[in-house]
Amino acid sequence: MSIVTVQLGQCGNQIGHEVFSALCSDIRGTHGLCSKKENESYQDSCKERFFCEEESGVPVARAVLVDMEPKVISQTLSMAARSGHWKYSNHSHFCQKQGSGNNWANGYSVHGPRHKEAIMNLVQKEAEKCERLGGFLTIMSMAGGTGSGLGAFVTQCLRDAFPTSFILNHVVWPYGTGEVIVQNYNSVLTLSHLYHSSDALLVHENDVIHKICAQLMNIKQISFRDVNQVIAHQLGSVFQPAHTAGGGSGYSRNPLGIDWQVRPPHPGLHPLHKKPLHFNTSIANLVILRGKDVHSADLGSFQDPSLYTSWLNPQDAFNAWKTPRAFNKYEKSAALVSNSQFLLKPLDSIVGKAWNMFASKAYLHQYTKFGIQEEDFLDCFTTLEQVISSYTNL
């Protein structure tokens, strides 16, 4: 099945470009760990999922690019075209000089409704190119300004227009030290709105990725592109085709490469990097192994009942995909996608900081002038407090 990716704002467009670059690099790579026939099947499955072919033979990303700053989209389009290996469609992007500053409420309440028809027309055209539409992947910042507000609005529009399609929102969690003064407000608004529209959230924390760049990759001066490339490789290692463990000769073609046997009560998929000191209870875990020695890896510990909430059978909550076909330049790799309590601490922190600001009415005028009222904030706080409570009580 094919996936339409919607890149929203500066963050979404820059990461989206890196994701398609990583996927294309992986397709073009030569991997000796699987047969030629298996490799061709893998390549065909990936191309169907994320690219469509043009007459020139250059893969074209199944993507829609949206931003209120023309410069970002222009740079993204030109970088892809210069690669010579893939490109975006010439008619897949929407940009409109925003004015009025970088503001979540401006994106959600003003630019979203104003440009809804133009944006959704682009999405509809991409969806119609798919022989079998599996769903949508949106990529955006959680705490950004106009792009995040617009992203929340567009996700609602996707749900209305495609009520039965799977929608996965990839969001980038802000640095704890802060990027913008109102990032906690923006995060609360974004998460609560996506909660009502999305099937699942896939979260990357900037602080965690920054540590990977510094400690594992020994990068001295870490740039946003370094961070984005790590995120892109992690996403690629999850989304590329793989066999379900012990089954079938073909590659899985399930929507977005994610097929939970247990539907989580709340959207919250998160790649775990390090288990925190307190015990981390899970609802569902997916392990994806690629490359060398995948079939000799012992995954029995993932079925330990103590890992999961008491009302789940571990065999239903755990899934594994394996393929001898390596991902990109890695001889072997493992990815873990987990719906667990891992985000409780950062989520509780963001909600707490936002509430303290809200209680003193700090910066609320930036939102009320665009139609986001205090009652809207209270509804969002209530939604996230319910999520926190549900995960705390697993």
# chains A, B, ... in the order shown; residues from 1 in each chain; ligands from 1
$ closest_atom_pairs --of "stretch 348-385 of chain A" --to "stretch 102-114 of chain A" --cutoff "9 Å" --atoms "only C-alpha atoms" --output "JSON lines"
{"residue": "A:Gln366", "atom": "CA", "partner": "A:Asn103", "partner_atom": "CA", "distance": 7.4}
{"residue": "A:Tyr367", "atom": "CA", "partner": "A:Ala105", "partner_atom": "CA", "distance": 5.4}
{"residue": "A:Thr368", "atom": "CA", "partner": "A:Ala105", "partner_atom": "CA", "distance": 8.1}
{"residue": "A:Lys369", "atom": "CA", "partner": "A:Ala105", "partner_atom": "CA", "distance": 8.5}
{"residue": "A:Phe370", "atom": "CA", "partner": "A:Ala105", "partner_atom": "CA", "distance": 5.7}
{"residue": "A:Gly371", "atom": "CA", "partner": "A:Ser109", "partner_atom": "CA", "distance": 6.6}
{"residue": "A:Ile372", "atom": "CA", "partner": "A:Ala105", "partner_atom": "CA", "distance": 6.4}
$ residues_around --residues "stretch 198-210 of chain A" --least-positions-apart "2" --cutoff "7 Å" --atoms "only C-alpha atoms" --output "ChimeraX atom specification"
/A:166-175,194-196,212-214,227,267-270
$ closest_residue --among "A:Val6, A:Ile219, A:Leu189, A:Val351" --to "A:Met120" --atoms "only C-alpha atoms"
A:Val6
$ select_by_dssp --residues "stretch 262-348 of chain A" --states "strand (DSSP E)" --output "number ranges by chain"
A: 282-291, 318-323, 332-340
$ closest_atom_pairs --of "stretch 270-388 of chain A" --to "stretch 231-241 of chain A" --cutoff "10 Å" --atoms "only C-alpha atoms" --output "CSV"
residue,atom,partner,partner_atom,distance
A:Pro271,CA,A:Gln234,CA,8.6
A:Leu286,CA,A:Val238,CA,9.5
A:Val287,CA,A:Val238,CA,9.0
A:Ile288,CA,A:Val238,CA,6.9
A:Leu289,CA,A:Ser237,CA,8.9
A:Arg290,CA,A:Ser237,CA,8.2
A:Trp321,CA,A:Pro241,CA,9.2
A:Lys322,CA,A:Pro241,CA,9.5
A:Thr323,CA,A:Pro241,CA,8.4
A:Arg325,CA,A:Pro241,CA,9.4
A:Ala326,CA,A:Ser237,CA,9.4
A:Phe327,CA,A:Ser237,CA,6.5
A:Asn328,CA,A:His233,CA,8.5
A:Ser333,CA,A:Ser237,CA,8.0
A:Ala334,CA,A:Ser237,CA,8.0
A:Ala335,CA,A:Val238,CA,6.6
A:Leu336,CA,A:Val238,CA,8.3
A:Val337,CA,A:Val238,CA,8.0
$ closest_residue --among "A:Glu69, A:Ala284, A:Ser192, A:Ile350" --to "A:Gln386" --atoms "only C-alpha atoms"
A:Ser192
$ atom_distance --atom1 "atom CA of A:Gly144" --atom2 "atom CA of A:His193"
14.3 Å
$ atom_distance --atom1 "atom CA of A:Arg225" --atom2 "atom CA of A:Val66"
19.2 Å
$ atom_distance --atom1 "atom CA of A:Thr138" --atom2 "atom CA of A:Tyr308"
28.7 Å
$ residues_around --residues "stretch 42-57 of chain A" --least-positions-apart "6" --cutoff "7 Å" --atoms "only C-alpha atoms" --output "list of chain:residue names"
A:Met1, A:Ser2, A:Ile3, A:Ile27, A:Gln240, A:Pro241, A:Tyr251
$ select_by_dssp --residues "stretch 49-220 of chain A" --states "helix (DSSP H, G or I)" --output "ChimeraX atom specification"
/A:49-50,70-83,104-129,146-161,183-197,206-216
$ closest_atom_pairs --of "stretch 66-123 of chain A" --to "stretch 11-24 of chain A" --cutoff "9 Å" --atoms "only C-alpha atoms" --output "Markdown table"
| residue | atom | partner | partner_atom | distance |
| --- | --- | --- | --- | --- |
| A:Val66 | CA | A:Asn13 | CA | 7.7 |
| A:Asp67 | CA | A:Asn13 | CA | 8.0 |
| A:Val72 | CA | A:Asn13 | CA | 7.5 |
| A:Ile73 | CA | A:Asn13 | CA | 7.0 |
| A:Thr76 | CA | A:His17 | CA | 6.5 |
| A:Leu77 | CA | A:His17 | CA | 8.5 |
| A:Met79 | CA | A:His17 | CA | 8.3 |
| A:Ala80 | CA | A:His17 | CA | 7.1 |
| A:Ser83 | CA | A:Ser21 | CA | 8.6 |
| A:His85 | CA | A:Cys24 | CA | 7.2 |
| A:Trp86 | CA | A:Cys24 | CA | 7.1 |
| A:Lys87 | CA | A:Phe20 | CA | 9.0 |
$ write_last_selection --atoms "N, CA, C and O atoms" --output "short mmCIF file (atom, residue, chain, number, x, y, z; two decimals), in the first residue's frame"
data_model
loop_
_atom_site.label_atom_id
_atom_site.label_comp_id
_atom_site.auth_asym_id
_atom_site.auth_seq_id
_atom_site.Cartn_x
_atom_site.Cartn_y
_atom_site.Cartn_z
N VAL A 66 3.92 21.81 2.83
CA VAL A 66 3.14 22.98 3.25
C VAL A 66 3.97 23.83 4.20
O VAL A 66 4.55 23.33 5.16
N ASP A 67 4.04 25.11 3.92
CA ASP A 67 4.69 26.04 4.84
C ASP A 67 4.23 27.46 4.54
O ASP A 67 3.76 27.75 3.43
N VAL A 72 11.76 28.06 2.69
CA VAL A 72 12.01 26.69 3.17
C VAL A 72 11.62 25.67 2.11
O VAL A 72 12.38 24.74 1.80
N ILE A 73 10.44 25.84 1.52
CA ILE A 73 9.99 24.89 0.50
C ILE A 73 10.86 24.96 -0.74
O ILE A 73 11.21 23.93 -1.33
N THR A 76 13.97 23.04 -0.04
CA THR A 76 13.69 21.60 0.03
C THR A 76 13.53 21.00 -1.36
O THR A 76 14.08 19.94 -1.67
N LEU A 77 12.78 21.68 -2.22
CA LEU A 77 12.57 21.20 -3.59
C LEU A 77 13.89 21.13 -4.36
O LEU A 77 14.17 20.15 -5.06
N MET A 79 17.03 20.95 -3.18
CA MET A 79 17.96 19.93 -2.67
C MET A 79 17.61 18.55 -3.19
O MET A 79 18.48 17.76 -3.56
N ALA A 80 16.31 18.25 -3.22
CA ALA A 80 15.89 16.94 -3.73
C ALA A 80 16.22 16.81 -5.21
O ALA A 80 16.74 15.77 -5.65
N SER A 83 19.88 16.11 -6.08
CA SER A 83 20.42 14.78 -5.78
C SER A 83 20.49 13.91 -7.03
O SER A 83 21.35 13.05 -7.15
N HIS A 85 18.63 11.58 -7.77
CA HIS A 85 18.13 10.23 -7.50
C HIS A 85 16.64 10.20 -7.20
O HIS A 85 16.00 9.15 -7.33
N TRP A 86 16.09 11.33 -6.77
CA TRP A 86 14.65 11.42 -6.49
C TRP A 86 14.28 12.90 -6.50
O TRP A 86 15.14 13.78 -6.50
N LYS A 87 13.00 13.17 -6.50
CA LYS A 87 12.56 14.57 -6.47
C LYS A 87 11.12 14.64 -5.97
O LYS A 87 10.44 13.62 -5.81
#
